[in-house]
Amino acid sequence: MFSVIYKKTVIEYPKTILSLLILLISFSIYFSKNFSLDASSDALLLEGDKDLKYLREVSARYGSKEFLVLTYSPVSDFTDEETIINLQFLKSKLEKLSWVENVVTIIDVPLLKSTDEPLMDRLKNYKTLSYPDVDKKRGFDEILNSPIYKDYVISEDGKTSGIVVYIKQDKKMNDYIKIKNDYFDRSLEKNLTKEDKKKYKLFLKEYEKYKDLYNQKNHQNIKEIREVINKYSENAKIHLGGIPMIADDMMSYIKNDIIVFGIGVFLFIVGTLWLIFRSIKWVIMPLLGCAASVTIMVGLLGLIGWKVTVISSNFIALMLILNMAMNIHVTVRFLQLKKEFNNLDNKEAIFETCKKMFMPILYTVLTTVCAFLSLIFSDIKPIIDFGWMMTLGLIVSILVTFSLLPSLLNIFTSKDDVEVKDTERSKITTALANFSKKNTVAIFSLTISIIILSVFGISKLEVENSFINYFDKKTEIYKGMKKIDNQLGGTTPLDIIIKFPVSKKEKKDDDELDWGGDEKQDETNYWFTRNKIDKILKVHDYLDSLPEIGKVLSFGSIIRVAEDLNGKKLESLEIAVLYSKIPNELKKEVISPYISVKDNEARISVRIKDSLKDLRRNDLINKINNELNKKLKLSTDEYRLAGVLILFNNLLQSLFKSQILTLGIVMLGISAMFFILFRNFTLSVIGVIPNFMAAFFILGIIGIIGIPLDMMTITIAAITIGIAVDNSIHYIYRFKEEFKKINNYKLTVDRCHNTVGIAILNTSITIVFGFSILVLSNFIPTIYFGIFTGIAMLLALISVLTLLPKLILILKPFGKIEI
């Protein structure tokens with residue numbers, strides 16, 4: 001019934017179909033103006049993560065500002081008058097930027113050892129390196145040896161300083177984020193009414209619209225600060241870092257990747273089609289099909305407001321590659337039918353081609369969709385979106401392939417079209433056919449070796465990764481982060497929150513403090529006890545002893561500075577008095593971020609050296625949790641870990657569980673599809689083995705090489721299986737068709753290798769080299785994705801043209817009688 005309708009519409013009225021497609025493409029071009037990108041950091045967070053919610057609470061409690069970091073390495077010393085003047089000019093210029101709230105440099109650090117005044121007087125009348133009468137050498141040595149500022153604003157060697165540029169808060173964006181988080185939390189708790197859900201959808205549109213404006217403003221800010229940096233780079237080497245800069249550069253990378261991948265793959269496909277067909281006509285028609293599919297998809301994304309992230313930035317390249325594979329299979333089959341049945345009418349040849357190719361291509365699309373849909377089991381929105389995006393893209397591709405390509409063939413080809421190079425015998429496929437028939441021991445020996453190697457490699461897989469190493473060493477992101485990581489105390493933040501239970505002894509000690517007078521004292525007057533300070537210092541020193549940890553800051557850092565200045569250990573009363581006497585400006589910068597009297601807790605802030613080769617985040621987190629409890633004797637309810645390190649580790653662990661473990665579901669789903677397609681259990685097993693083997697072997701290679709899995713590489717196995725099984729489907733489908741005519745397994749192998757085998761070879765080479773275009777990215781996971789998926793596809797090609805026919809020859813799934 002479907003074939004009759006298809007023939008009476010697409011085949012009989014090609015011009016009408018072509019006109020409708022042109023109209024659809026025109027609409028898509030119009031809506032493509034709304035096509036947008038998203039490189040915000042919240043796109044890579046696990047929504048619903050309890051640690052994310054807790055981090056937001058901690059950030060709100062202790063104050064969290066958005067900032068950029070400049071690493072400043074002057075030509076001369078920081079004690080040099082010219083260096084200080086240059087820093088003052090740079091700071092002044094930065095502060096004049098309309099979006100900058102304030103700038104903190106080494107010349108703003110309070111110097112408390114520069115005079116011999118009493119401690120309280122030093123705190124009230126502190127000076128900085130910028131003061132003319134300050135002893136620069138003495139002041140710099142104080143900063144260089146300070147428990148607070150060493151490895152924080154100044155490197156250990158004293159040659160690099162950090163400049164922190166605080167950005168003015170965008171109140172509207174903060175309000176939007178609070179509303180968004182509130183809606184999301186309520187949706188998790190299923191507390192949203194139908195009316196609330198409608199409001200939530202409307203709010204999300206409004207939020208995304210404002211976020212676009214916010215990103216544009218951030219882009220302009222980064223552009224402005226880079227202009228300032230360029231002007232002051234004559235006397236110092238300056239690198240820019242910070243989340244706003246990373247987000248903006250990532251946006252540029254995504255745009256660049258989309259353009260480069262699209263153009264690169266497009267040009268490669270042109271070259272491949274020319275090598276295959278050696279005819280302009282047969283190059284242009286498949287290309288039009290690819291271009292139409294991508295244009296319609298981009299228009300759809302613009303229409304529904306679906307943003308592309310760094311994870312899905314290669315969707316255009318993938319669509320072009322997969323769509324080209326479909327077009328090559330259809331085109332080659334059409335030409336082979338024309339050659340085999342030269343008496344066929346052109347429309348009949350097109351209809352027979354589409355009829356014979358629809359089911360295998362449909363199943364290849366379904367298996368590939370199955371692989372991409374496995375990505376939705378992750379809790380990370382960009383990966384989920386990538387899965388759905390490619391699913392929609394494949395649906396668009398198959399619809400365009402079986403509407404546009406037949407219409408073009410109908411209009412621009414005739415019965416007398418000359419056959420092309422692809423219909424001839426191929427030396428490569430013939431050699432592979434002969435190898436498959438004559439080398440049973442070699443094939444199975446190699447197969448067993450690959451399986452053993454795969455198991456060994458997979459056992460070594462890990463999801464540990466360094467965010468720094470996600471970027472090319474030439475990029476500003478890498479240079480800035482590496483400098484901060486190596487010389488300014490690490491990059492990845494981790495907070496340890498210490499919660500203080502109120503004991504009877506502590507309460508007694510508090511009551512014994514004599515504050516004078518009978519009036520009710522502020523709670524801060526009795527919060528500071530030696531017991532709490534000792535506990536903070538004990539945890540501080542433990543964290544400082546860990547090699548993976550760079551800078552550690554806490555209230556204990558301030559106490560140590562005060563004790564050093566005072567010349568003796570401070571007791572509870574002295575600490576409380578000291579706290580009350582510290583100027584509010586200084587208190588806000590160095591104390592408030594580390595204690596919360598109201599919540600009866602303290603925060604210890606550490607930064608992890610992210611570029612350490614042997615860093616194992618999950619092991620480090622577990623070690624800290626375990627040793628705080630067993631070694632430092634803190635009960636588990638007295639502390640909690642928070643920070644970007646925890647969120648990043650949660651993301652990696654979630655990826656491992658969701659993607660590696662769901663490979664089994666992908667395998668079962670594809671096996672089931674094979675059984676439905678071929679109605680033969682043996683054929684189903686034979687069809688999936690070569691492709692599963694290729695996917696697992698590439699994972700094994702990744703494990704053996706020691707490349708950690710990340711957001712992109714962890715998806716390789718599932719995607720490889722989904723794409724690679726296309727070859728098996730086409731080969732088995734054609735084998736089944738030819739065997740009915742020939743009734744001889746070996747002759748059928750020869751026939752298939754020189755018909756569908758040629759198409760498989762051409763499409764696989766196109767896919768392999770198409771994926772190789774991804775190496776032009778600045779994002780290392782994308783490069784790995786392109787390289788290893790390409791290698792896996794090459795392995796799958798060899799397996800399908802050697803191991804698959806060998807299994808068919810041995811197991812004889814179509815019956816053992818040969819005529």
# chains A, B, ... in the order shown; residues from 1 in each chain; ligands from 1
>>> select_by_dssp(residues="region 233-380 of chain A", states="strand (DSSP E or B)", output="ChimeraX atom specification")
/A:236-241,308,380
>>> write_last_selection(atoms="N, CA and C atoms", output="mmCIF file, in the first residue's frame")
data_model
loop_
_atom_site.group_PDB
_atom_site.id
_atom_site.type_symbol
_atom_site.label_atom_id
_atom_site.label_comp_id
_atom_site.auth_asym_id
_atom_site.auth_seq_id
_atom_site.Cartn_x
_atom_site.Cartn_y
_atom_site.Cartn_z
ATOM 1 N N ALA A 236 55.026 43.402 30.398
ATOM 2 C CA ALA A 236 54.637 42.215 31.178
ATOM 3 C C ALA A 236 53.929 41.206 30.278
ATOM 4 N N LYS A 237 54.047 39.946 30.643
ATOM 5 C CA LYS A 237 53.306 38.896 29.952
ATOM 6 C C LYS A 237 51.998 38.697 30.713
ATOM 7 N N ILE A 238 50.868 38.913 30.027
ATOM 8 C CA ILE A 238 49.558 38.862 30.690
ATOM 9 C C ILE A 238 48.681 37.817 30.014
ATOM 10 N N HIS A 239 48.084 36.944 30.835
ATOM 11 C CA HIS A 239 47.115 35.965 30.336
ATOM 12 C C HIS A 239 45.785 36.191 31.035
ATOM 13 N N LEU A 240 44.716 36.018 30.272
ATOM 14 C CA LEU A 240 43.370 36.205 30.823
ATOM 15 C C LEU A 240 42.751 34.855 31.157
ATOM 16 N N GLY A 241 42.065 34.762 32.288
ATOM 17 C CA GLY A 241 41.379 33.537 32.687
ATOM 18 C C GLY A 241 40.079 33.867 33.398
ATOM 19 N N VAL A 308 22.682 24.946 20.269
ATOM 20 C CA VAL A 308 23.808 24.035 20.038
ATOM 21 C C VAL A 308 24.901 24.333 21.056
ATOM 22 N N ILE A 380 22.980 14.839 31.800
ATOM 23 C CA ILE A 380 23.589 16.101 31.368
ATOM 24 C C ILE A 380 22.841 16.617 30.143
#
>>> closest_atom_pairs(of="region 391-459 of chain A", to="region 318-331 of chain A", cutoff="9 Å", atoms="only C-alpha atoms", output="tab-separated table")
residue	atom	partner	partner_atom	distance
A:Gly393	CA	A:Met319	CA	6.5
A:Leu394	CA	A:Met319	CA	7.1
A:Ser397	CA	A:Asn323	CA	5.8
A:Ile398	CA	A:Asn323	CA	7.6
A:Thr401	CA	A:Asn327	CA	6.5
A:Phe402	CA	A:Val330	CA	8.9
A:Leu405	CA	A:Asn327	CA	7.6
A:Leu409	CA	A:Thr331	CA	8.9
>>> atom_distance(atom1="CA of Ala602 (chain A)", atom2="CA of Asp151 (chain A)")
21.8 Å
>>> closest_residue(among="A:Lys124, A:Lys201, A:Arg186, A:Lys217", to="Leu578 (chain A)", atoms="only C-alpha atoms")
A:Lys124
>>> residues_around(residues="Ile765 (chain A)", least_positions_apart="6", cutoff="10 Å", atoms="only C-alpha atoms", output="VMD selection string")
chain A and resid 272 325 759 771 790 793 to 794 797
>>> closest_residue(among="A:Asn34, A:Ser426, A:Thr475, A:Ser684", to="Asn778 (chain A)", atoms="only C-alpha atoms")
A:Thr475
>>> residues_around(residues="Lys483 (chain A)", least_positions_apart="5", cutoff="10 Å", atoms="only C-alpha atoms", output="mmCIF file with all heavy atoms, in the first residue's frame")
data_model
loop_
_atom_site.group_PDB
_atom_site.id
_atom_site.type_symbol
_atom_site.label_atom_id
_atom_site.label_comp_id
_atom_site.auth_asym_id
_atom_site.auth_seq_id
_atom_site.Cartn_x
_atom_site.Cartn_y
_atom_site.Cartn_z
ATOM 1 N N LEU A 70 43.643 37.835 35.783
ATOM 2 C CA LEU A 70 44.767 38.098 34.890
ATOM 3 C C LEU A 70 46.038 37.606 35.567
ATOM 4 O O LEU A 70 46.262 37.887 36.755
ATOM 5 C CB LEU A 70 44.904 39.588 34.601
ATOM 6 C CG LEU A 70 44.017 40.216 33.526
ATOM 7 C CD1 LEU A 70 42.558 40.200 33.934
ATOM 8 C CD2 LEU A 70 44.460 41.660 33.263
ATOM 9 N N THR A 71 46.841 36.832 34.858
ATOM 10 C CA THR A 71 48.170 36.497 35.385
ATOM 11 C C THR A 71 49.147 37.532 34.836
ATOM 12 O O THR A 71 49.197 37.776 33.634
ATOM 13 C CB THR A 71 48.600 35.081 34.969
ATOM 14 O OG1 THR A 71 48.697 34.997 33.543
ATOM 15 C CG2 THR A 71 47.600 34.046 35.467
ATOM 16 N N TYR A 72 49.878 38.143 35.750
ATOM 17 C CA TYR A 72 50.736 39.285 35.390
ATOM 18 C C TYR A 72 52.185 38.954 35.729
ATOM 19 O O TYR A 72 52.544 38.806 36.898
ATOM 20 C CB TYR A 72 50.264 40.520 36.165
ATOM 21 C CG TYR A 72 50.917 41.826 35.749
ATOM 22 C CD1 TYR A 72 50.387 42.570 34.701
ATOM 23 C CD2 TYR A 72 52.048 42.309 36.410
ATOM 24 C CE1 TYR A 72 50.979 43.776 34.328
ATOM 25 C CE2 TYR A 72 52.634 43.513 36.042
ATOM 26 C CZ TYR A 72 52.095 44.234 34.993
ATOM 27 O OH TYR A 72 52.676 45.432 34.618
ATOM 28 N N SER A 155 53.148 34.205 42.948
ATOM 29 C CA SER A 155 53.706 32.859 42.798
ATOM 30 C C SER A 155 54.865 32.657 43.762
ATOM 31 O O SER A 155 55.444 33.627 44.275
ATOM 32 C CB SER A 155 54.173 32.631 41.361
ATOM 33 O OG SER A 155 55.189 33.558 41.016
ATOM 34 N N THR A 160 55.235 36.018 39.174
ATOM 35 C CA THR A 160 53.896 36.136 38.582
ATOM 36 C C THR A 160 52.881 36.501 39.655
ATOM 37 O O THR A 160 52.877 35.917 40.741
ATOM 38 C CB THR A 160 53.467 34.815 37.914
ATOM 39 O OG1 THR A 160 54.399 34.479 36.894
ATOM 40 C CG2 THR A 160 52.085 34.943 37.294
ATOM 41 N N GLY A 162 48.619 37.535 40.439
ATOM 42 C CA GLY A 162 47.257 37.440 39.942
ATOM 43 C C GLY A 162 46.524 38.758 40.116
ATOM 44 O O GLY A 162 46.661 39.426 41.147
ATOM 45 N N HIS A 239 48.084 36.944 30.835
ATOM 46 C CA HIS A 239 47.115 35.965 30.336
ATOM 47 C C HIS A 239 45.785 36.191 31.035
ATOM 48 O O HIS A 239 45.743 36.513 32.232
ATOM 49 C CB HIS A 239 47.586 34.530 30.588
ATOM 50 C CG HIS A 239 48.771 34.139 29.767
ATOM 51 N ND1 HIS A 239 48.732 34.085 28.397
ATOM 52 C CD2 HIS A 239 50.029 33.785 30.126
ATOM 53 C CE1 HIS A 239 49.919 33.707 27.938
ATOM 54 N NE2 HIS A 239 50.723 33.525 28.958
ATOM 55 N N LEU A 240 44.716 36.018 30.272
ATOM 56 C CA LEU A 240 43.370 36.205 30.823
ATOM 57 C C LEU A 240 42.751 34.855 31.157
ATOM 58 O O LEU A 240 42.885 33.886 30.409
ATOM 59 C CB LEU A 240 42.502 36.948 29.797
ATOM 60 C CG LEU A 240 41.046 37.240 30.191
ATOM 61 C CD1 LEU A 240 40.977 38.170 31.400
ATOM 62 C CD2 LEU A 240 40.304 37.873 28.999
ATOM 63 N N GLY A 241 42.065 34.762 32.288
ATOM 64 C CA GLY A 241 41.379 33.537 32.687
ATOM 65 C C GLY A 241 40.079 33.867 33.398
ATOM 66 O O GLY A 241 39.731 35.036 33.569
ATOM 67 N N TYR A 478 43.837 27.642 27.741
ATOM 68 C CA TYR A 478 44.860 26.716 28.265
ATOM 69 C C TYR A 478 45.995 27.498 28.922
ATOM 70 O O TYR A 478 46.421 27.180 30.041
ATOM 71 C CB TYR A 478 45.413 25.835 27.137
ATOM 72 C CG TYR A 478 46.447 24.837 27.620
ATOM 73 C CD1 TYR A 478 46.064 23.575 28.065
ATOM 74 C CD2 TYR A 478 47.800 25.175 27.664
ATOM 75 C CE1 TYR A 478 47.003 22.676 28.538
ATOM 76 C CE2 TYR A 478 48.745 24.284 28.137
ATOM 77 C CZ TYR A 478 48.350 23.029 28.562
ATOM 78 O OH TYR A 478 49.280 22.144 29.036
ATOM 79 N N LEU A 488 49.798 29.875 40.742
ATOM 80 C CA LEU A 488 48.930 30.661 41.635
ATOM 81 C C LEU A 488 47.936 29.787 42.397
ATOM 82 O O LEU A 488 46.783 30.155 42.604
ATOM 83 C CB LEU A 488 48.206 31.747 40.831
ATOM 84 C CG LEU A 488 49.117 32.830 40.238
ATOM 85 C CD1 LEU A 488 48.343 33.753 39.315
ATOM 86 C CD2 LEU A 488 49.800 33.641 41.340
ATOM 87 N N GLY A 489 48.371 28.574 42.764
ATOM 88 C CA GLY A 489 47.615 27.781 43.734
ATOM 89 C C GLY A 489 46.535 26.873 43.210
ATOM 90 O O GLY A 489 45.690 26.403 43.983
ATOM 91 N N GLY A 490 46.517 26.581 41.906
ATOM 92 C CA GLY A 490 45.513 25.645 41.390
ATOM 93 C C GLY A 490 44.302 26.336 40.800
ATOM 94 O O GLY A 490 44.136 27.554 40.934
ATOM 95 N N THR A 491 43.454 25.555 40.148
ATOM 96 C CA THR A 491 42.310 26.143 39.440
ATOM 97 C C THR A 491 40.950 25.666 39.943
ATOM 98 O O THR A 491 40.051 26.466 40.125
ATOM 99 C CB THR A 491 42.402 25.817 37.929
ATOM 100 O OG1 THR A 491 42.681 24.428 37.760
ATOM 101 C CG2 THR A 491 43.476 26.629 37.252
#
>>> residues_around(residues="Ser32 (chain A)", least_positions_apart="6", cutoff="12 Å", atoms="only C-alpha atoms", output="PyMOL selection string")
chain A and resi 25-26+294-307
>>> write_last_selection(atoms="N, CA and C atoms", output="PDB file, in the first residue's frame")
ATOM      1  N   ILE A  25      12.537  24.410   2.349  1.00  0.00           N
ATOM      2  CA  ILE A  25      13.910  24.902   2.530  1.00  0.00           C
ATOM      3  C   ILE A  25      13.912  26.418   2.713  1.00  0.00           C
ATOM      4  N   SER A  26      13.035  27.111   1.982  1.00  0.00           N
ATOM      5  CA  SER A  26      12.927  28.576   2.104  1.00  0.00           C
ATOM      6  C   SER A  26      12.490  28.970   3.513  1.00  0.00           C
ATOM      7  N   VAL A 294      20.579  19.418   5.990  1.00  0.00           N
ATOM      8  CA  VAL A 294      21.196  20.276   7.011  1.00  0.00           C
ATOM      9  C   VAL A 294      20.450  21.600   7.136  1.00  0.00           C
ATOM     10  N   THR A 295      20.064  22.184   6.002  1.00  0.00           N
ATOM     11  CA  THR A 295      19.331  23.466   6.017  1.00  0.00           C
ATOM     12  C   THR A 295      18.004  23.320   6.745  1.00  0.00           C
ATOM     13  N   ILE A 296      17.265  22.262   6.444  1.00  0.00           N
ATOM     14  CA  ILE A 296      15.976  22.022   7.105  1.00  0.00           C
ATOM     15  C   ILE A 296      16.183  21.814   8.607  1.00  0.00           C
ATOM     16  N   MET A 297      17.229  21.081   8.976  1.00  0.00           N
ATOM     17  CA  MET A 297      17.505  20.814  10.390  1.00  0.00           C
ATOM     18  C   MET A 297      17.860  22.099  11.135  1.00  0.00           C
ATOM     19  N   VAL A 298      18.703  22.929  10.543  1.00  0.00           N
ATOM     20  CA  VAL A 298      19.084  24.198  11.177  1.00  0.00           C
ATOM     21  C   VAL A 298      17.845  25.086  11.354  1.00  0.00           C
ATOM     22  N   GLY A 299      16.972  25.100  10.349  1.00  0.00           N
ATOM     23  CA  GLY A 299      15.727  25.855  10.447  1.00  0.00           C
ATOM     24  C   GLY A 299      14.841  25.345  11.569  1.00  0.00           C
ATOM     25  N   LEU A 300      14.751  24.019  11.696  1.00  0.00           N
ATOM     26  CA  LEU A 300      13.959  23.418  12.777  1.00  0.00           C
ATOM     27  C   LEU A 300      14.504  23.809  14.150  1.00  0.00           C
ATOM     28  N   LEU A 301      15.831  23.770  14.288  1.00  0.00           N
ATOM     29  CA  LEU A 301      16.457  24.144  15.564  1.00  0.00           C
ATOM     30  C   LEU A 301      16.171  25.601  15.899  1.00  0.00           C
ATOM     31  N   GLY A 302      16.213  26.461  14.869  1.00  0.00           N
ATOM     32  CA  GLY A 302      15.890  27.865  15.072  1.00  0.00           C
ATOM     33  C   GLY A 302      14.443  28.065  15.446  1.00  0.00           C
ATOM     34  N   LEU A 303      13.551  27.298  14.806  1.00  0.00           N
ATOM     35  CA  LEU A 303      12.113  27.416  15.056  1.00  0.00           C
ATOM     36  C   LEU A 303      11.752  27.020  16.483  1.00  0.00           C
ATOM     37  N   ILE A 304      12.323  25.908  16.963  1.00  0.00           N
ATOM     38  CA  ILE A 304      11.959  25.417  18.301  1.00  0.00           C
ATOM     39  C   ILE A 304      12.881  25.956  19.398  1.00  0.00           C
ATOM     40  N   GLY A 305      13.879  26.764  18.996  1.00  0.00           N
ATOM     41  CA  GLY A 305      14.757  27.389  19.988  1.00  0.00           C
ATOM     42  C   GLY A 305      15.724  26.433  20.653  1.00  0.00           C
ATOM     43  N   TRP A 306      16.181  25.437  19.910  1.00  0.00           N
ATOM     44  CA  TRP A 306      17.102  24.419  20.434  1.00  0.00           C
ATOM     45  C   TRP A 306      18.532  24.895  20.226  1.00  0.00           C
ATOM     46  N   LYS A 307      19.263  25.119  21.308  1.00  0.00           N
ATOM     47  CA  LYS A 307      20.609  25.691  21.206  1.00  0.00           C
ATOM     48  C   LYS A 307      21.661  24.607  21.036  1.00  0.00           C
TER      49      LYS A 307
END
>>> closest_atom_pairs(of="region 328-401 of chain A", to="region 667-681 of chain A", cutoff="10 Å", atoms="only C-alpha atoms", output="Markdown table")
| residue | atom | partner | partner_atom | distance |
| --- | --- | --- | --- | --- |
| A:Met359 | CA | A:Leu677 | CA | 8.4 |
| A:Pro360 | CA | A:Leu677 | CA | 8.5 |
| A:Tyr363 | CA | A:Met673 | CA | 7.4 |
| A:Thr364 | CA | A:Met673 | CA | 9.6 |
| A:Leu366 | CA | A:Met673 | CA | 8.1 |
| A:Thr367 | CA | A:Ile670 | CA | 5.7 |
| A:Thr368 | CA | A:Ile670 | CA | 8.8 |
| A:Val369 | CA | A:Ile670 | CA | 9.9 |
| A:Cys370 | CA | A:Gly669 | CA | 7.0 |
| A:Ala371 | CA | A:Ile670 | CA | 8.4 |
>>> write_last_selection(atoms="N, CA and C atoms", output="tab-separated table (two decimals), in the first residue's frame")
chain	number	residue	atom	x	y	z
A	359	MET	N	13.95	-0.34	3.04
A	359	MET	CA	14.02	-1.13	4.28
A	359	MET	C	15.42	-1.17	4.88
A	360	PRO	N	16.46	-1.48	4.11
A	360	PRO	CA	17.80	-1.47	4.73
A	360	PRO	C	18.20	-0.11	5.26
A	363	TYR	N	16.29	0.63	8.48
A	363	TYR	CA	16.86	-0.06	9.63
A	363	TYR	C	18.22	0.49	10.03
A	364	THR	N	18.97	0.97	9.05
A	364	THR	CA	20.25	1.60	9.41
A	364	THR	C	20.00	2.89	10.20
A	366	LEU	N	17.26	3.45	12.05
A	366	LEU	CA	16.73	3.04	13.35
A	366	LEU	C	17.83	2.58	14.30
A	367	THR	N	18.80	1.83	13.76
A	367	THR	CA	19.90	1.38	14.62
A	367	THR	C	20.77	2.55	15.06
A	368	THR	N	20.99	3.49	14.16
A	368	THR	CA	21.78	4.68	14.51
A	368	THR	C	21.02	5.54	15.52
A	369	VAL	N	19.71	5.67	15.32
A	369	VAL	CA	18.86	6.39	16.27
A	369	VAL	C	18.93	5.74	17.64
A	370	CYS	N	18.90	4.40	17.65
A	370	CYS	CA	18.99	3.65	18.90
A	370	CYS	C	20.27	4.02	19.65
A	371	ALA	N	21.36	4.14	18.91
A	371	ALA	CA	22.64	4.50	19.51
A	371	ALA	C	22.61	5.92	20.07
>>> select_by_dssp(residues="region 299-427 of chain A", states="helix (DSSP H, G or I)", output="count of residues only")
98
>>> atom_distance(atom1="CA of Val644 (chain A)", atom2="CA of Ile707 (chain A)")
22.2 Å
>>> closest_residue(among="A:Asp599, A:Asp710, A:Asp485, A:Asp135", to="Gly550 (chain A)", atoms="only C-alpha atoms")
A:Asp485
>>> residues_around(residues="Lys587 (chain A)", least_positions_apart="3", cutoff="12 Å", atoms="only C-alpha atoms", output="ChimeraX atom specification")
/A:110,123-124,555,558,578-584,590-595
>>> residues_around(residues="Ile225 (chain A)", least_positions_apart="5", cutoff="9 Å", atoms="only C-alpha atoms", output="PyMOL selection string")
chain A and resi 94+97+220+230+240
